[in-house]
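Since the structure comes first, as structure tokens, the remarks are kept for the end.
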Amino acid sequence: VYANNISILPMLQSLPPAATDLVCDIYEPTGDSIVNRPVIIVAHTGSFLPAVVNGQPTGSKTDSSIVEQCTRWAKKGYVAVAMTYRQGWNPTSTNQDVRTSTLIQAAYRSIQDARSLVRFMRQEEANGNTYGIDGSKIAFGGQGTGGYLSLGVATLDTTAELYLDKFFDFNTDPSNPMPYVIPSVFGNIYGTDTGYMPVNDSLGNPVLDTAGNPVMAPFALPNNIGYSSDISLAFNIGGALADISWLEAGDVPIVAFHCEKDEYAPVDTGDVIVPTTGDFVVEVMGSRTVAHYSNLYGNNDVFVQAGLTDDFTNAANVNNSGYEGL
């Protein structure tokens, strides 16, 4: 257990949101006594919904590809961590604002969870170093939906980045557009404070206290406070970035793998759609766009400076349009 936070998954069964433990599997090299090993955290795919519910056989930290990746990294001497993160959104709503807002909120919660896990590893290092890690060397990556998560962890660093026009509901009340993510409700971008949501009765009316004030319930909980949420490198396997404005000079290097004809996560700039209905959700920026700007800003210069000439690098350079890290 690396954290505990409020999940909306019980709402799928008409139950209120509830606190849930967030867990991870930690893979270590057998018989290795080294105590300063780099860490690789990986997030699974699954469209921010549980396996099967999402129409797929994947969507957990025990997906065969996740287990295989973590096993191989542990054999190479890394500490590999396969994480769970909070899931839940409404892809079947006929209201595009509901589809977009709930997906963005799901992604936001997962970024908080990822950062809580990064802090958990450093907290463990500071309190006996159970897993024998070097907390200054933590990489974070993800596959599919986990790739969206990893790119968010690498780039979302100010609250202002939540207030882009594409992240507002302009339709419900055009005179008072509402952001899809309100930090006072969902917690801050690092997951280090408490967010609160008004409590409603069974008819949807606000519950009031004896003074006539709305009753508020926790909707986000802080975890592992006092440790850095920073990572050293991000990698993305088939995900995309919520908005390219999040990516700036000085962000961590990013490695990205992408199928050029991916139907559901564009390699360039394009739309996310609901696979089962074809409905639009939000415009995102894929791996080639991310690599373009990572190169433009000099964030991926470390790969050039490393002078890599291995077969994998040479093969990638044939097909990556000159973008280091793609």
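How things are named: the first chain in the structure tokens is A, the next is B, and so on; residues count from 1 in each chain; ligands count from 1 in the order shown.
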Run DSSP on the backbone and grab whatever in segment 73-248 of chain A lands in strand (DSSP E or B); send it over as number ranges by chain.
A: 79-83, 133-143, 168-169, 178-179, 195-198, 200, 206, 208, 214, 216-220, 233-237, 241
If you keep C-alpha atoms, can you produce a file of those selected residues as a compact mmCIF listing (two decimals), in the first residue's frame?
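again_20.txt, freshly written:
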```
# COMPACT_ATOMS: atom_id res chain seq x y z
CA VAL A 79 13.88 -1.71 -8.77
CA ALA A 80 10.71 -1.82 -10.89
CA VAL A 81 7.33 -0.76 -9.55
CA ALA A 82 3.99 -1.65 -11.15
CA MET A 83 1.33 0.71 -9.81
CA ILE A 133 16.94 2.49 -4.01
CA ASP A 134 18.64 5.70 -5.10
CA GLY A 135 15.81 8.23 -4.73
CA SER A 136 17.63 10.70 -6.99
CA LYS A 137 17.11 8.35 -9.94
CA ILE A 138 13.41 7.67 -10.49
CA ALA A 139 11.99 7.17 -13.99
CA PHE A 140 8.26 7.06 -14.64
CA GLY A 141 6.59 5.44 -17.64
CA GLY A 142 3.32 4.09 -18.86
CA GLN A 143 1.63 2.03 -21.51
CA PHE A 168 -13.68 24.49 -19.23
CA ASP A 169 -17.41 23.77 -19.49
CA MET A 178 -16.55 26.14 -14.92
CA PRO A 179 -13.14 24.47 -15.07
CA GLY A 195 -10.02 18.56 -1.46
CA TYR A 196 -13.67 18.88 -0.45
CA MET A 197 -16.97 18.26 -2.23
CA PRO A 198 -20.44 19.40 -1.07
CA ASN A 200 -26.01 16.07 -1.54
CA PRO A 206 -27.18 20.15 -0.86
CA LEU A 208 -26.88 21.89 5.15
CA PRO A 214 -23.24 23.28 2.99
CA MET A 216 -18.50 19.26 2.90
CA ALA A 217 -16.89 15.83 2.61
CA PRO A 218 -13.26 15.01 1.68
CA PHE A 219 -12.90 14.29 -2.04
CA ALA A 220 -9.08 14.07 -2.14
CA LEU A 233 12.94 10.79 -16.98
CA ALA A 234 9.56 9.87 -18.45
CA PHE A 235 8.68 7.29 -21.06
CA ASN A 236 5.43 6.89 -22.97
CA ILE A 237 4.30 3.78 -24.84
CA LEU A 241 -0.22 14.68 -23.73
```
Spatial neighbours of segment 114-125 of chain A, 7 Å, only C-alpha atoms, chain gap at least 5 places, as a PyMOL selection string:
chain A and resi 2-3+130+133+135+190-191+223-224+227-229
Nearest-residue call for Ile6 of chain A, choices A:Asp201, A:Val39, A:Leu221, A:Ser101, using only C-alpha atoms
A:Leu221
Could you check which of A:Thr159, A:Val267, A:Phe167, A:Asn295 is closest to Ser184 of chain A, using only C-alpha atoms?
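The closest residue to Ser184 of chain A is A:Thr159.
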Selected residue, from A:Cys24, A:Ala240, A:Leu103, A:Val1, that lies nearest to Ala154 of chain A when counting only C-alpha atoms
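Under the stated criterion, the closest residue is A:Ala240.
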Taking into account only C-alpha atoms, which residue in the set A:Val207, A:Leu49, A:Glu68, A:Arg109 is nearest to Asn5 of chain A?
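Among the listed residues, the smallest separation from Asn5 of chain A belongs to A:Arg109.
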Rounded to one decimal, what separation in Å do you get between atom CA of Phe186 of chain A and atom CA of Pro16 of chain A?
15.5 Å
List every residue of segment 125-313 of chain A that DSSP, applied to the backbone of this structure, assigns to helix (DSSP H, G or I), and report them as a PyMOL selection string.
chain A and resi 125-126+145-155+159-162+165-167+183-186+244-246+287-296+301-305+311-313
What's around Ala51 of chain A at 12 Å? Count only C-alpha atoms, leave out sequence neighbours fewer than 5 positions away in its own chain, and write the answer as a ChimeraX atom specification.
/A:44-46,56-63,87-88
Kindly export the residues of the current selection with C-alpha atoms, as a PDB file, in the first residue's frame.
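New file selection-v4.pdb:
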```
ATOM      1  CA  HIS A  44      -0.733   0.119 -16.968  1.00  0.00           C
ATOM      2  CA  THR A  45      -3.238   0.857 -19.723  1.00  0.00           C
ATOM      3  CA  GLY A  46      -7.039   0.448 -19.465  1.00  0.00           C
ATOM      4  CA  GLN A  56     -10.527  -4.837 -22.916  1.00  0.00           C
ATOM      5  CA  PRO A  57      -8.678  -7.722 -21.242  1.00  0.00           C
ATOM      6  CA  THR A  58      -6.100  -5.259 -19.896  1.00  0.00           C
ATOM      7  CA  GLY A  59      -6.203  -2.631 -17.187  1.00  0.00           C
ATOM      8  CA  SER A  60      -4.260  -3.719 -14.113  1.00  0.00           C
ATOM      9  CA  LYS A  61      -0.756  -3.869 -12.653  1.00  0.00           C
ATOM     10  CA  THR A  62      -0.733  -7.598 -13.411  1.00  0.00           C
ATOM     11  CA  ASP A  63      -1.250  -7.191 -17.169  1.00  0.00           C
ATOM     12  CA  GLN A  87      -9.960   4.858 -12.180  1.00  0.00           C
ATOM     13  CA  GLY A  88     -13.443   5.959 -13.189  1.00  0.00           C
TER      14      GLY A  88
END
```
Pick out the residues sitting within 8 Å of segment 89-97 of chain A, and hand them over as a count of residues only; count only C-alpha atoms, and ignore anything fewer than 6 positions along from it in its own chain.
11
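Residues within 12 Å of segment 313-319 of chain A, counting only C-alpha atoms and excluding same-chain residues fewer than 3 positions away, are A:Val255, A:Ala256, A:Phe257, A:His258, A:Cys259, A:Glu260, A:Arg288, A:Phe303, A:Val304, A:Ala306, A:Gly307, A:Leu308, A:Thr309, A:Asp310, A:Gly322, A:Tyr323, A:Glu324, A:Gly325, A:Leu326.
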Could you check how far atom CA of Trp246 of chain A sits from atom CA of Leu156 of chain A, in Å to one decimal?
5.7 Å
Compile the contact shell of Tyr264 of chain A as number ranges by chain: residues with an atom at most 12 Å away, counting only C-alpha atoms, same-chain residues fewer than 5 positions apart removed.
A: 47, 144-145, 148, 238-240, 258-259, 269-276, 278-286
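Distances to Val42 of chain A were evaluated for A:Pro29, A:Gly132, A:Gly187, A:Gly146 using only C-alpha atoms, and the minimum falls at A:Gly146.
Nearest-residue note for Ile244 of chain A: choosing from A:Gly298, A:Leu151, A:Ala160, A:Asp165, the minimum distance belongs to A:Leu151, counting only C-alpha atoms.
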Enter the distance from atom CA of Thr194 of chain A to atom CA of Lys166 of chain A, in Å, rounded to one decimal.
25.4 Å
